[in-house]
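Shown next: final.tsv, given as TSV, C-alpha atoms and all ligand atoms.
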chain	number	residue	atom	x	y	z
A	53	MET	CA	-200.94	174.31	89.62
A	54	SER	CA	-200.84	177.87	90.94
A	55	ASP	CA	-199.34	180.72	88.93
A	56	PRO	CA	-195.58	181.26	88.92
A	57	VAL	CA	-194.48	183.89	91.43
A	58	ARG	CA	-192.17	186.51	89.91
A	59	LEU	CA	-189.81	188.77	91.85
A	60	MET	CA	-191.50	191.94	90.70
A	61	ARG	CA	-194.55	193.06	88.75
A	62	PRO	CA	-195.08	196.48	87.17
A	63	TYR	CA	-197.36	198.87	89.05
A	64	MET	CA	-198.81	200.14	85.78
A	65	THR	CA	-200.94	198.83	82.93
A	66	PHE	CA	-201.02	199.78	79.27
A	67	GLU	CA	-204.44	201.34	79.85
A	68	ASP	CA	-202.86	203.79	82.30
A	69	VAL	CA	-200.73	205.33	79.52
A	70	GLU	CA	-202.70	204.48	76.37
A	71	GLU	CA	-204.36	207.87	75.88
A	72	ASP	CA	-201.16	209.87	76.36
A	73	PHE	CA	-199.21	207.45	74.13
A	74	ARG	CA	-201.77	207.95	71.34
A	75	ALA	CA	-201.44	211.72	71.64
A	76	VAL	CA	-197.66	211.45	71.25
A	77	PHE	CA	-198.05	209.35	68.10
A	78	SER	CA	-200.57	211.87	66.69
A	79	SER	CA	-198.41	214.88	67.44
A	80	GLY	CA	-195.08	213.33	66.42
A	81	GLN	CA	-193.45	214.95	69.47
A	82	PHE	CA	-191.45	211.92	70.68
A	83	THR	CA	-188.74	213.79	72.54
A	84	ARG	CA	-188.20	217.11	74.36
A	85	GLY	CA	-191.92	217.72	74.78
A	86	ALA	CA	-194.39	218.61	77.49
A	87	HIS	CA	-194.24	215.22	79.26
A	88	VAL	CA	-190.47	215.41	79.74
A	89	ASP	CA	-190.78	218.97	81.11
A	90	ALA	CA	-193.59	217.90	83.42
A	91	PHE	CA	-191.70	214.80	84.63
A	92	VAL	CA	-188.67	216.96	85.53
A	93	LYS	CA	-190.95	219.32	87.50
A	94	ASP	CA	-192.63	216.36	89.22
A	95	ILE	CA	-189.25	214.92	90.28
A	96	LYS	CA	-188.15	218.28	91.70
A	97	HIS	CA	-191.42	218.66	93.54
A	98	TYR	CA	-191.41	215.07	94.83
A	99	THR	CA	-187.79	214.96	95.99
A	100	GLY	CA	-187.59	218.59	97.10
A	101	ALA	CA	-184.45	219.12	95.01
A	102	ASP	CA	-183.83	222.49	93.37
A	103	HIS	CA	-182.67	220.97	90.07
A	104	ALA	CA	-183.47	217.74	88.21
A	105	PHE	CA	-182.31	216.20	84.94
A	106	LEU	CA	-183.42	213.04	83.19
A	107	ALA	CA	-181.00	210.42	81.88
A	108	THR	CA	-181.11	207.12	80.02
A	109	SER	CA	-180.20	205.10	83.14
A	110	ALA	CA	-178.70	205.42	86.60
A	111	THR	CA	-175.41	204.32	85.07
A	112	THR	CA	-175.27	207.27	82.66
A	113	ALA	CA	-176.55	209.53	85.46
A	114	LEU	CA	-173.70	208.43	87.76
A	115	TRP	CA	-171.16	208.77	84.97
A	116	VAL	CA	-172.29	212.33	84.23
A	117	ALA	CA	-172.34	213.14	87.97
A	118	LEU	CA	-168.68	212.12	88.27
A	119	LYS	CA	-167.81	214.20	85.19
A	120	CYS	CA	-169.70	217.13	86.74
A	121	LEU	CA	-167.59	216.84	89.89
A	122	GLY	CA	-164.46	216.89	87.76
A	123	ILE	CA	-163.32	213.36	88.60
A	124	VAL	CA	-160.33	212.47	86.44
A	125	ALA	CA	-157.81	209.65	86.07
A	126	GLY	CA	-155.91	208.91	89.26
A	127	ASP	CA	-158.54	210.37	91.63
A	128	GLU	CA	-159.90	208.09	94.34
A	129	VAL	CA	-163.65	207.66	94.74
A	130	ALA	CA	-164.85	205.80	97.85
A	131	VAL	CA	-167.79	203.53	96.97
A	132	ALA	CA	-170.12	201.46	99.14
A	133	ASP	CA	-169.21	197.88	98.31
A	134	PHE	CA	-172.56	196.08	98.48
A	135	SER	CA	-174.14	197.25	95.21
A	136	PHE	CA	-174.87	196.49	91.61
A	137	PRO	CA	-171.41	197.00	90.05
A	138	ALA	CA	-172.52	199.97	87.93
A	139	THR	CA	-171.49	202.07	90.97
A	140	ALA	CA	-167.80	201.16	90.71
A	141	ASN	CA	-167.87	200.70	86.92
A	142	VAL	CA	-168.40	204.40	86.24
A	143	VAL	CA	-165.46	205.29	88.50
A	144	GLU	CA	-163.30	202.74	86.72
A	145	ASP	CA	-164.38	204.01	83.31
A	146	LEU	CA	-163.01	207.49	84.07
A	147	GLY	CA	-159.64	206.03	85.02
A	148	ALA	CA	-160.30	206.93	88.65
A	149	ILE	CA	-159.75	204.40	91.44
A	150	PRO	CA	-162.77	202.88	93.16
A	151	VAL	CA	-161.90	202.50	96.85
A	152	PHE	CA	-164.25	199.84	98.20
A	153	VAL	CA	-165.76	200.68	101.58
A	154	ASP	CA	-167.23	197.79	103.54
A	155	VAL	CA	-170.81	197.86	104.74
A	156	ASP	CA	-172.80	197.30	107.92
A	157	LEU	CA	-174.14	193.74	108.20
A	158	GLY	CA	-177.48	195.03	109.50
A	159	THR	CA	-178.32	197.91	107.15
A	160	PHE	CA	-176.13	196.65	104.23
A	161	ASN	CA	-174.97	200.29	103.82
A	162	MET	CA	-171.55	202.00	103.85
A	163	SER	CA	-169.83	201.84	107.23
A	164	PRO	CA	-168.90	205.37	108.46
A	165	ALA	CA	-165.90	203.97	110.37
A	166	ASP	CA	-164.56	202.14	107.32
A	167	LEU	CA	-165.12	205.24	105.18
A	168	ALA	CA	-163.20	207.46	107.63
A	169	ALA	CA	-160.34	204.92	107.61
A	170	LYS	CA	-160.12	204.92	103.80
A	171	ILE	CA	-160.21	208.65	103.05
A	172	THR	CA	-156.89	209.93	101.70
A	173	PRO	CA	-155.78	213.27	100.20
A	174	LYS	CA	-156.65	211.73	96.80
A	175	THR	CA	-160.30	211.03	97.71
A	176	LYS	CA	-162.33	213.33	95.46
A	177	ALA	CA	-165.85	211.94	96.01
A	178	VAL	CA	-167.82	209.41	98.05
A	179	ILE	CA	-170.62	207.33	96.56
A	180	PHE	CA	-173.14	206.18	99.16
A	181	VAL	CA	-175.51	203.46	97.91
A	182	ASP	CA	-179.03	203.11	99.34
A	183	ALA	CA	-178.76	199.32	99.33
A	184	LEU	CA	-182.02	197.89	97.95
A	185	GLY	CA	-183.66	201.29	98.58
A	186	ASN	CA	-182.61	201.71	102.24
A	187	PRO	CA	-181.11	205.15	103.04
A	188	THR	CA	-180.22	204.27	106.66
A	189	GLY	CA	-176.95	206.00	107.61
A	190	LEU	CA	-176.91	208.49	104.73
A	191	HIS	CA	-176.80	211.55	107.04
A	192	GLU	CA	-174.03	209.94	109.09
A	193	ILE	CA	-171.95	209.45	105.94
A	194	GLN	CA	-172.76	213.02	104.92
A	195	ALA	CA	-171.27	214.22	108.23
A	196	VAL	CA	-168.01	212.34	107.50
A	197	CYS	CA	-167.91	213.84	103.99
A	198	ARG	CA	-168.48	217.37	105.33
A	199	GLN	CA	-165.74	216.93	107.90
A	200	HIS	CA	-163.31	216.14	105.08
A	201	ALA	CA	-164.88	218.59	102.55
A	202	ILE	CA	-165.52	215.77	100.06
A	203	PRO	CA	-168.63	215.85	97.86
A	204	LEU	CA	-171.22	213.13	98.48
A	205	ILE	CA	-172.85	211.37	95.54
A	206	GLU	CA	-175.86	209.22	96.38
A	207	ASP	CA	-176.41	206.19	94.19
A	208	ALA	CA	-180.15	206.18	94.84
A	209	ALA	CA	-180.79	203.90	91.86
A	210	CYS	CA	-183.10	201.89	94.13
A	211	ALA	CA	-184.27	204.61	96.48
A	212	ILE	CA	-186.90	206.86	94.92
A	213	GLY	CA	-189.55	207.42	97.60
A	214	SER	CA	-187.26	206.64	100.56
A	215	THR	CA	-186.57	209.17	103.33
A	216	GLU	CA	-184.15	209.62	106.22
A	217	ARG	CA	-184.85	212.15	109.02
A	218	GLY	CA	-187.98	213.14	107.12
A	219	VAL	CA	-186.05	214.21	104.02
A	220	ARG	CA	-186.56	212.47	100.69
A	221	CYS	CA	-183.66	210.91	98.81
A	222	GLY	CA	-182.80	213.38	96.08
A	223	SER	CA	-182.40	216.41	98.34
A	224	ILE	CA	-179.93	215.08	100.93
A	225	ALA	CA	-176.65	214.34	99.14
A	226	ASP	CA	-174.80	216.88	97.00
A	227	ILE	CA	-175.90	215.02	93.90
A	228	THR	CA	-178.29	212.06	93.63
A	229	CYS	CA	-178.80	209.53	90.84
A	230	PHE	CA	-181.97	207.45	90.34
A	231	SER	CA	-182.78	204.47	88.12
A	232	PHE	CA	-186.08	203.77	86.36
A	233	HIS	CA	-185.14	200.21	85.31
A	234	PRO	CA	-187.99	197.63	85.56
A	235	ARG	CA	-186.47	196.13	88.72
A	236	LYS	CA	-186.81	199.48	90.47
A	237	LEU	CA	-190.04	201.00	91.81
A	238	LEU	CA	-190.51	203.48	89.03
A	239	ASN	CA	-190.23	201.69	85.70
A	240	THR	CA	-189.78	203.48	82.39
A	241	GLY	CA	-188.17	200.47	80.68
A	242	GLU	CA	-184.79	202.14	80.93
A	243	GLY	CA	-184.23	205.56	82.44
A	244	GLY	CA	-182.75	207.61	85.22
A	245	ALA	CA	-182.48	211.02	86.81
A	246	ILE	CA	-180.01	213.34	88.53
A	247	THR	CA	-180.97	215.83	91.24
A	248	THR	CA	-178.88	218.48	92.98
A	249	ASN	CA	-179.28	221.67	94.98
A	250	ARG	CA	-176.06	223.14	93.59
A	251	ALA	CA	-176.84	225.89	91.06
A	252	ASP	CA	-173.33	225.77	89.50
A	253	TRP	CA	-173.54	222.02	88.92
A	254	ALA	CA	-177.07	222.41	87.53
A	255	ASP	CA	-175.79	224.97	85.01
A	256	TRP	CA	-173.03	222.59	83.91
A	257	LEU	CA	-175.50	219.70	83.58
A	258	ARG	CA	-178.05	221.77	81.65
A	259	VAL	CA	-175.49	222.67	78.98
A	260	LYS	CA	-173.56	219.37	78.85
A	261	LEU	CA	-176.74	217.27	78.63
A	262	MET	CA	-177.83	219.43	75.69
A	263	HIS	CA	-174.79	218.64	73.50
A	264	GLY	CA	-172.97	221.62	74.97
A	265	ALA	CA	-175.54	224.13	73.67
A	266	ASP	CA	-176.72	227.14	75.64
A	267	GLY	CA	-179.36	229.25	73.93
A	268	MET	CA	-179.40	230.19	70.26
A	269	ARG	CA	-176.97	231.69	67.78
A	270	GLY	CA	-178.88	232.96	64.78
A	271	LEU	CA	-181.12	230.19	63.49
A	272	GLY	CA	-179.25	227.43	65.32
A	273	LEU	CA	-178.04	226.46	68.74
A	274	ASP	CA	-175.10	228.17	70.35
A	275	PHE	CA	-172.58	225.43	71.19
A	276	VAL	CA	-170.60	227.00	74.00
A	277	ASP	CA	-169.06	223.68	75.07
A	278	TYR	CA	-168.94	220.07	73.86
A	279	GLY	CA	-171.53	217.76	75.40
A	280	TYR	CA	-173.70	214.65	75.47
A	281	ASN	CA	-177.17	213.28	74.81
A	282	PHE	CA	-178.63	211.01	77.51
A	283	ARG	CA	-182.20	212.22	77.11
A	284	LEU	CA	-185.31	210.29	78.12
A	285	PRO	CA	-188.05	210.23	75.44
A	286	GLU	CA	-191.66	211.41	75.88
A	287	LEU	CA	-193.19	207.92	76.14
A	288	GLN	CA	-190.84	207.09	79.02
A	289	ALA	CA	-191.71	210.36	80.73
A	290	ILE	CA	-195.42	209.49	80.52
A	291	MET	CA	-194.74	206.13	82.21
A	292	GLY	CA	-192.62	207.78	84.89
A	293	ARG	CA	-195.19	210.45	85.74
A	294	LYS	CA	-198.03	207.93	86.13
A	295	GLN	CA	-196.01	205.88	88.60
A	296	LEU	CA	-194.56	208.83	90.51
A	297	ALA	CA	-198.12	209.94	91.26
A	298	GLN	CA	-198.74	206.48	92.81
A	299	LEU	CA	-195.36	206.08	94.47
A	300	ASP	CA	-196.32	206.80	98.09
A	301	ALA	CA	-199.11	204.23	97.91
A	302	ILE	CA	-196.73	201.72	96.28
A	303	VAL	CA	-194.17	202.25	99.06
A	304	ALA	CA	-196.85	201.82	101.75
A	305	ASN	CA	-198.00	198.58	100.13
A	306	ARG	CA	-194.45	197.22	99.90
A	307	ASN	CA	-193.87	197.97	103.58
A	308	ALA	CA	-197.04	196.04	104.41
A	309	VAL	CA	-195.79	193.09	102.32
A	310	ARG	CA	-192.42	193.34	104.10
A	311	GLN	CA	-194.12	193.23	107.48
A	312	ALA	CA	-196.05	190.10	106.50
A	313	TYR	CA	-192.84	188.36	105.42
A	314	VAL	CA	-190.99	189.43	108.58
A	315	GLU	CA	-193.75	188.00	110.78
A	316	GLN	CA	-193.43	184.59	109.12
A	317	LEU	CA	-189.68	184.40	108.49
A	318	ALA	CA	-188.08	186.13	111.51
A	319	PRO	CA	-189.22	183.33	113.88
A	320	ILE	CA	-187.18	180.81	111.85
A	321	GLY	CA	-184.05	182.97	111.92
A	322	PHE	CA	-184.27	185.05	108.73
A	323	MET	CA	-182.84	188.54	109.40
A	324	PRO	CA	-184.52	191.42	107.55
A	325	GLN	CA	-182.39	194.35	106.37
A	326	ARG	CA	-182.22	196.78	109.32
A	327	ILE	CA	-184.06	200.09	108.85
A	328	GLY	CA	-183.22	203.13	111.00
A	329	ASP	CA	-185.94	204.55	113.27
A	330	ASP	CA	-186.02	207.78	111.28
A	331	VAL	CA	-186.12	206.05	107.88
A	332	LEU	CA	-188.83	205.25	105.38
A	333	HIS	CA	-187.51	202.36	103.25
A	334	ASN	CA	-189.22	202.07	99.86
A	335	VAL	CA	-188.48	198.29	99.86
A	336	GLN	CA	-187.29	198.31	96.25
A	337	SER	CA	-185.99	194.82	96.97
A	338	LEU	CA	-187.11	192.78	99.96
A	339	VAL	CA	-183.97	191.05	101.22
A	340	PHE	CA	-183.22	188.77	104.18
A	341	ARG	CA	-180.05	187.19	105.51
A	342	VAL	CA	-180.71	183.46	105.65
A	343	PRO	CA	-179.97	181.61	108.92
A	344	GLU	CA	-176.33	180.52	109.21
A	345	ASN	CA	-177.09	176.81	108.90
A	346	LEU	CA	-179.06	177.20	105.65
A	347	ASP	CA	-177.63	176.86	102.16
A	348	ARG	CA	-178.88	180.01	100.37
A	349	ASP	CA	-178.18	178.71	96.86
A	350	ALA	CA	-179.99	175.43	97.54
A	351	LEU	CA	-182.97	177.42	98.86
A	352	VAL	CA	-183.14	179.53	95.68
A	353	HIS	CA	-182.98	176.34	93.55
A	354	TYR	CA	-185.66	174.64	95.64
A	355	LEU	CA	-188.01	177.64	95.32
A	356	LYS	CA	-187.44	177.64	91.56
A	357	THR	CA	-188.81	174.08	91.39
A	358	LYS	CA	-191.93	175.50	93.09
A	359	GLU	CA	-192.11	178.27	90.45
A	360	ILE	CA	-191.14	180.94	92.96
A	361	GLU	CA	-188.53	183.36	91.64
A	362	THR	CA	-185.91	184.55	94.14
A	363	THR	CA	-182.33	185.71	93.76
A	364	LEU	CA	-179.28	186.87	95.67
A	365	GLY	CA	-179.51	190.20	97.56
A	366	THR	CA	-176.99	192.09	95.47
A	367	TYR	CA	-173.26	192.02	94.72
A	368	CYS	CA	-170.00	192.52	96.54
A	369	GLN	CA	-168.36	194.77	93.94
A	370	SER	CA	-164.82	194.25	95.18
A	371	GLY	CA	-165.36	190.50	94.77
A	372	THR	CA	-166.32	190.46	91.08
A	373	THR	CA	-163.91	188.69	88.76
A	374	TYR	CA	-162.77	192.02	87.31
A	375	PHE	CA	-162.36	194.12	90.46
A	376	SER	CA	-160.92	191.34	92.63
A	377	LYS	CA	-158.21	190.68	90.02
A	378	LYS	CA	-157.38	194.34	89.58
A	379	TYR	CA	-157.50	195.60	93.18
A	380	ALA	CA	-157.30	192.44	95.36
A	381	ASP	CA	-159.28	194.24	98.08
A	382	VAL	CA	-162.36	192.07	98.67
A	383	GLN	CA	-164.48	193.44	101.52
A	384	PRO	CA	-165.46	190.64	103.92
A	385	ARG	CA	-168.86	191.87	105.08
A	386	ALA	CA	-170.06	192.77	101.57
A	387	MET	CA	-168.88	189.32	100.44
A	388	GLN	CA	-170.72	187.66	103.33
A	389	LEU	CA	-173.90	189.50	102.33
A	390	GLU	CA	-173.56	188.51	98.67
A	391	ALA	CA	-173.30	184.87	99.76
A	392	THR	CA	-176.04	184.76	102.41
A	393	THR	CA	-178.86	187.11	101.34
A	394	ILE	CA	-182.01	186.33	99.41
A	395	THR	CA	-184.43	188.64	97.58
A	396	VAL	CA	-188.02	187.42	97.87
A	397	PRO	CA	-190.96	188.30	95.59
A	398	CYS	CA	-192.59	191.62	96.50
A	399	TYR	CA	-195.44	193.26	94.66
A	400	GLU	CA	-199.10	194.10	95.20
A	401	GLY	CA	-201.00	190.85	95.85
A	402	VAL	CA	-197.93	188.59	96.12
A	403	PRO	CA	-198.89	185.30	97.83
A	404	VAL	CA	-196.70	185.83	100.91
A	405	THR	CA	-197.93	182.78	102.79
A	406	ARG	CA	-197.34	180.46	99.82
A	407	VAL	CA	-193.75	181.72	99.50
A	408	CYS	CA	-193.09	181.58	103.25
A	409	ASP	CA	-194.61	178.09	103.58
A	410	GLU	CA	-192.15	176.82	100.96
A	411	ILE	CA	-189.23	178.57	102.65
A	412	ILE	CA	-190.23	177.09	106.01
A	413	ARG	CA	-190.68	173.62	104.45
A	414	PHE	CA	-187.17	173.84	102.98
A	415	ALA	CA	-185.63	175.18	106.21
A	416	GLN	CA	-187.20	172.44	108.31
A	417	SER	CA	-186.68	169.48	105.99
A	418	PRO	CA	-184.17	166.98	107.35
A	419	GLY	CA	-180.81	166.92	105.60
A	420	ARG	CA	-181.12	170.50	104.32
A	421	ALA	CA	-178.93	172.07	106.95
A	422	LYS	CA	-175.37	172.89	105.97
A	423	THR	CA	-172.73	170.82	107.72
A	424	PRO	CA	-171.56	173.06	110.56
A	425	SER	CA	-167.96	174.10	110.11
A	426	ASN	CA	-165.63	173.38	113.04
A	427	GLY	CA	-164.53	176.48	114.89
B	501	LIG	C1	-179.84	199.16	89.31
B	501	LIG	C2	-178.72	199.87	89.88
B	501	LIG	C3	-177.84	200.64	89.10
B	501	LIG	C4	-177.95	200.70	87.61
B	501	LIG	O1	-179.14	201.30	87.19
B	501	LIG	P1	-179.44	201.38	85.62
B	501	LIG	O2	-180.57	202.35	85.52
B	501	LIG	O3	-179.84	200.00	85.18
B	501	LIG	O4	-178.22	201.85	84.96
B	501	LIG	C5	-176.83	201.35	89.72
B	501	LIG	N1	-176.67	201.29	91.05
B	501	LIG	C6	-177.48	200.56	91.84
B	501	LIG	C7	-177.26	200.56	93.32
B	501	LIG	C8	-178.51	199.81	91.28
B	501	LIG	O5	-179.29	199.05	92.06
What would the structure in this file look like if it were written as structure tokens?
Amino acid sequence: MSDPVRLMRPYMTFEDVEEDFRAVFSSGQFTRGAHVDAFVKDIKHYTGADHAFLATSATTALWVALKCLGIVAGDEVAVADFSFPATANVVEDLGAIPVFVDVDLGTFNMSPADLAAKITPKTKAVIFVDALGNPTGLHEIQAVCRQHAIPLIEDAACAIGSTERGVRCGSIADITCFSFHPRKLLNTGEGGAITTNRADWADWLRVKLMHGADGMRGLGLDFVDYGYNFRLPELQAIMGRKQLAQLDAIVANRNAVRQAYVEQLAPIGFMPQRIGDDVLHNVQSLVFRVPENLDRDALVHYLKTKEIETTLGTYCQSGTTYFSKKYADVQPRAMQLEATTITVPCYEGVPVTRVCDEIIRFAQSPGRAKTPSNG
């Protein structure tokens, strides 16, 4: 029996970090040390952003970003609907109203037309999501935001290493949030980051993320405001730096894996996520729309019996039990994508042909096709 095929494998071994980990244990400097400072510098340098801050996750990063923009109860925040629900959750948590914007069936990203239709005088921010790492359409959404003078937050949880029009995610939107969860390309266990080019927001973040302290007063800190602690520890910063140095090679490899899948699956009707001509997609998740006559759930179950791990693309936020009950505003295209997309295993050395052979076997086996609906 061949090895089980997982969705994702880390691009880092213990040996890669062992020496630096040992030095941290010897020094006792587990937080706020040289590795954290260096990781922040690396992120600024890599993304081209003027300012960067670390966080414990993309969720806390997004939450702080909304606080930084002054989002309060009753404000409307337009959110791309096809996303992990953390995007809308942070809006909801502040008492603001997530206004779900439907997505493009090709790119899976926020539709500019639907956004323009949903902007109201109460819209205080827009959250664009790079679905599965794909920034296609980000500049177009930015143009709509500028027209209406609404700040643009990029939920780039999946998108470190991606570019549109030659610009890296992290220096396009007004404020960008990244995730370093193990399902993303840069894995620190848990972790995240915020980047911005706005000096005033950076000042606010610097103080608020340091418990509200700014400089010293006598022997202690000078607490000029109240604040928070969402810091990333030294060991996590070591992991992040090692992977960031490899990220461009990782992205190139994932695009090669994507190409190999597309060559085998497109001929049988699987539609890859559309990538703009001027876009580098980091392929955080490799997702296809299954052919209309195929039962996606049955395919995932079948592959599981072959020890191949797959899953749905991602979620239609407006269709979750919670949001659909509260707002009754389920977006049809995001819902269609939740129901008909599949994430396939993608990592260095993944046995693409083994996975595709099983998918093709399932697709072509008699009796597998869904009963066509009339009309
Ligand atoms: C993973 C993900 C998040 C949450 O990231 P965490 O670091 O786990 O909090 C938020 N938004 C999107 C689009 C994601 O894919």
The residue from A:Val219, A:Val143, A:Val396, A:Ala245 with the smallest atom-to-atom distance to ligand LIG 501 (chain B), counting all atoms listed in the file, is A:Ala245
List all protein, DNA and RNA residues that have an atom no more than 9 Å from any atom of ligand LIG 501 (chain B), counting only C-alpha atoms and all ligand atoms, and report them as a ChimeraX atom specification. /A:107-114,134-140,181-185,207-211,229-236,242-245,366
Output C-alpha atoms for every residue in the selection just made, as a PDB file, keeping the file's coordinate frame.
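Result file is out35.pdb:
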ATOM      1  CA  ALA A 107    -181.000 210.420  81.880  1.00  0.00           C
ATOM      2  CA  THR A 108    -181.110 207.120  80.020  1.00  0.00           C
ATOM      3  CA  SER A 109    -180.200 205.100  83.140  1.00  0.00           C
ATOM      4  CA  ALA A 110    -178.700 205.420  86.600  1.00  0.00           C
ATOM      5  CA  THR A 111    -175.410 204.320  85.070  1.00  0.00           C
ATOM      6  CA  THR A 112    -175.270 207.270  82.660  1.00  0.00           C
ATOM      7  CA  ALA A 113    -176.550 209.530  85.460  1.00  0.00           C
ATOM      8  CA  LEU A 114    -173.700 208.430  87.760  1.00  0.00           C
ATOM      9  CA  PHE A 134    -172.560 196.080  98.480  1.00  0.00           C
ATOM     10  CA  SER A 135    -174.140 197.250  95.210  1.00  0.00           C
ATOM     11  CA  PHE A 136    -174.870 196.490  91.610  1.00  0.00           C
ATOM     12  CA  PRO A 137    -171.410 197.000  90.050  1.00  0.00           C
ATOM     13  CA  ALA A 138    -172.520 199.970  87.930  1.00  0.00           C
ATOM     14  CA  THR A 139    -171.490 202.070  90.970  1.00  0.00           C
ATOM     15  CA  ALA A 140    -167.800 201.160  90.710  1.00  0.00           C
ATOM     16  CA  VAL A 181    -175.510 203.460  97.910  1.00  0.00           C
ATOM     17  CA  ASP A 182    -179.030 203.110  99.340  1.00  0.00           C
ATOM     18  CA  ALA A 183    -178.760 199.320  99.330  1.00  0.00           C
ATOM     19  CA  LEU A 184    -182.020 197.890  97.950  1.00  0.00           C
ATOM     20  CA  GLY A 185    -183.660 201.290  98.580  1.00  0.00           C
ATOM     21  CA  ASP A 207    -176.410 206.190  94.190  1.00  0.00           C
ATOM     22  CA  ALA A 208    -180.150 206.180  94.840  1.00  0.00           C
ATOM     23  CA  ALA A 209    -180.790 203.900  91.860  1.00  0.00           C
ATOM     24  CA  CYS A 210    -183.100 201.890  94.130  1.00  0.00           C
ATOM     25  CA  ALA A 211    -184.270 204.610  96.480  1.00  0.00           C
ATOM     26  CA  CYS A 229    -178.800 209.530  90.840  1.00  0.00           C
ATOM     27  CA  PHE A 230    -181.970 207.450  90.340  1.00  0.00           C
ATOM     28  CA  SER A 231    -182.780 204.470  88.120  1.00  0.00           C
ATOM     29  CA  PHE A 232    -186.080 203.770  86.360  1.00  0.00           C
ATOM     30  CA  HIS A 233    -185.140 200.210  85.310  1.00  0.00           C
ATOM     31  CA  PRO A 234    -187.990 197.630  85.560  1.00  0.00           C
ATOM     32  CA  ARG A 235    -186.470 196.130  88.720  1.00  0.00           C
ATOM     33  CA  LYS A 236    -186.810 199.480  90.470  1.00  0.00           C
ATOM     34  CA  GLU A 242    -184.790 202.140  80.930  1.00  0.00           C
ATOM     35  CA  GLY A 243    -184.230 205.560  82.440  1.00  0.00           C
ATOM     36  CA  GLY A 244    -182.750 207.610  85.220  1.00  0.00           C
ATOM     37  CA  ALA A 245    -182.480 211.020  86.810  1.00  0.00           C
ATOM     38  CA  THR A 366    -176.990 192.090  95.470  1.00  0.00           C
TER      39      THR A 366
END
Coordinates-based distance that separates CA of Gly213 in chain A from CA of Val178 in chain A (Å, one decimal): 21.8 Å
Shell around range 121-132 of chain A at 8 Å using only C-alpha atoms, local window under 4 positions removed, as a PDB file with C-alpha atoms, in the frame of the given file:
ATOM      1  CA  ALA A 117    -172.340 213.140  87.970  1.00  0.00           C
ATOM      2  CA  THR A 139    -171.490 202.070  90.970  1.00  0.00           C
ATOM      3  CA  ALA A 140    -167.800 201.160  90.710  1.00  0.00           C
ATOM      4  CA  VAL A 143    -165.460 205.290  88.500  1.00  0.00           C
ATOM      5  CA  LEU A 146    -163.010 207.490  84.070  1.00  0.00           C
ATOM      6  CA  GLY A 147    -159.640 206.030  85.020  1.00  0.00           C
ATOM      7  CA  ALA A 148    -160.300 206.930  88.650  1.00  0.00           C
ATOM      8  CA  ILE A 149    -159.750 204.400  91.440  1.00  0.00           C
ATOM      9  CA  PRO A 150    -162.770 202.880  93.160  1.00  0.00           C
ATOM     10  CA  VAL A 151    -161.900 202.500  96.850  1.00  0.00           C
ATOM     11  CA  PHE A 152    -164.250 199.840  98.200  1.00  0.00           C
ATOM     12  CA  VAL A 153    -165.760 200.680 101.580  1.00  0.00           C
ATOM     13  CA  ASP A 154    -167.230 197.790 103.540  1.00  0.00           C
ATOM     14  CA  VAL A 155    -170.810 197.860 104.740  1.00  0.00           C
ATOM     15  CA  ASN A 161    -174.970 200.290 103.820  1.00  0.00           C
ATOM     16  CA  MET A 162    -171.550 202.000 103.850  1.00  0.00           C
ATOM     17  CA  LEU A 167    -165.120 205.240 105.180  1.00  0.00           C
ATOM     18  CA  LYS A 170    -160.120 204.920 103.800  1.00  0.00           C
ATOM     19  CA  ILE A 171    -160.210 208.650 103.050  1.00  0.00           C
ATOM     20  CA  LYS A 174    -156.650 211.730  96.800  1.00  0.00           C
ATOM     21  CA  THR A 175    -160.300 211.030  97.710  1.00  0.00           C
ATOM     22  CA  LYS A 176    -162.330 213.330  95.460  1.00  0.00           C
ATOM     23  CA  ALA A 177    -165.850 211.940  96.010  1.00  0.00           C
ATOM     24  CA  VAL A 178    -167.820 209.410  98.050  1.00  0.00           C
ATOM     25  CA  ILE A 179    -170.620 207.330  96.560  1.00  0.00           C
ATOM     26  CA  PHE A 180    -173.140 206.180  99.160  1.00  0.00           C
ATOM     27  CA  VAL A 181    -175.510 203.460  97.910  1.00  0.00           C
ATOM     28  CA  TRP A 253    -173.540 222.020  88.920  1.00  0.00           C
TER      29      TRP A 253
END
Dig up all the protein and nucleic acid residues within 10 Å of (-196.9, 189.5, 89.6) in the file frame, using only C-alpha atoms, and format them as a count of residues only. 16
Ranking A:Val309, A:Ala391, A:Leu317, A:Leu287 by minimum distance to Arg74 in chain A and counting all atoms listed in the file, which one comes first? A:Leu287
For range 306-310 of chain A, which lacks atoms in the input, supply N, CA and C atoms and format the output as a short mmCIF file (atom, residue, chain, number, x, y, z; two decimals), in the frame of the given file.
data_model
loop_
_atom_site.label_atom_id
_atom_site.label_comp_id
_atom_site.auth_asym_id
_atom_site.auth_seq_id
_atom_site.Cartn_x
_atom_site.Cartn_y
_atom_site.Cartn_z
N ARG A 306 -195.64 198.08 99.80
CA ARG A 306 -194.45 197.22 99.90
C ARG A 306 -194.02 197.06 101.36
N ASN A 307 -194.19 198.11 102.16
CA ASN A 307 -193.87 197.97 103.58
C ASN A 307 -194.83 197.01 104.28
N ALA A 308 -196.08 196.99 103.83
CA ALA A 308 -197.04 196.04 104.41
C ALA A 308 -196.65 194.61 104.02
N VAL A 309 -196.24 194.41 102.77
CA VAL A 309 -195.79 193.09 102.32
C VAL A 309 -194.56 192.67 103.13
N ARG A 310 -193.63 193.62 103.33
CA ARG A 310 -192.42 193.34 104.10
C ARG A 310 -192.79 192.86 105.51
#
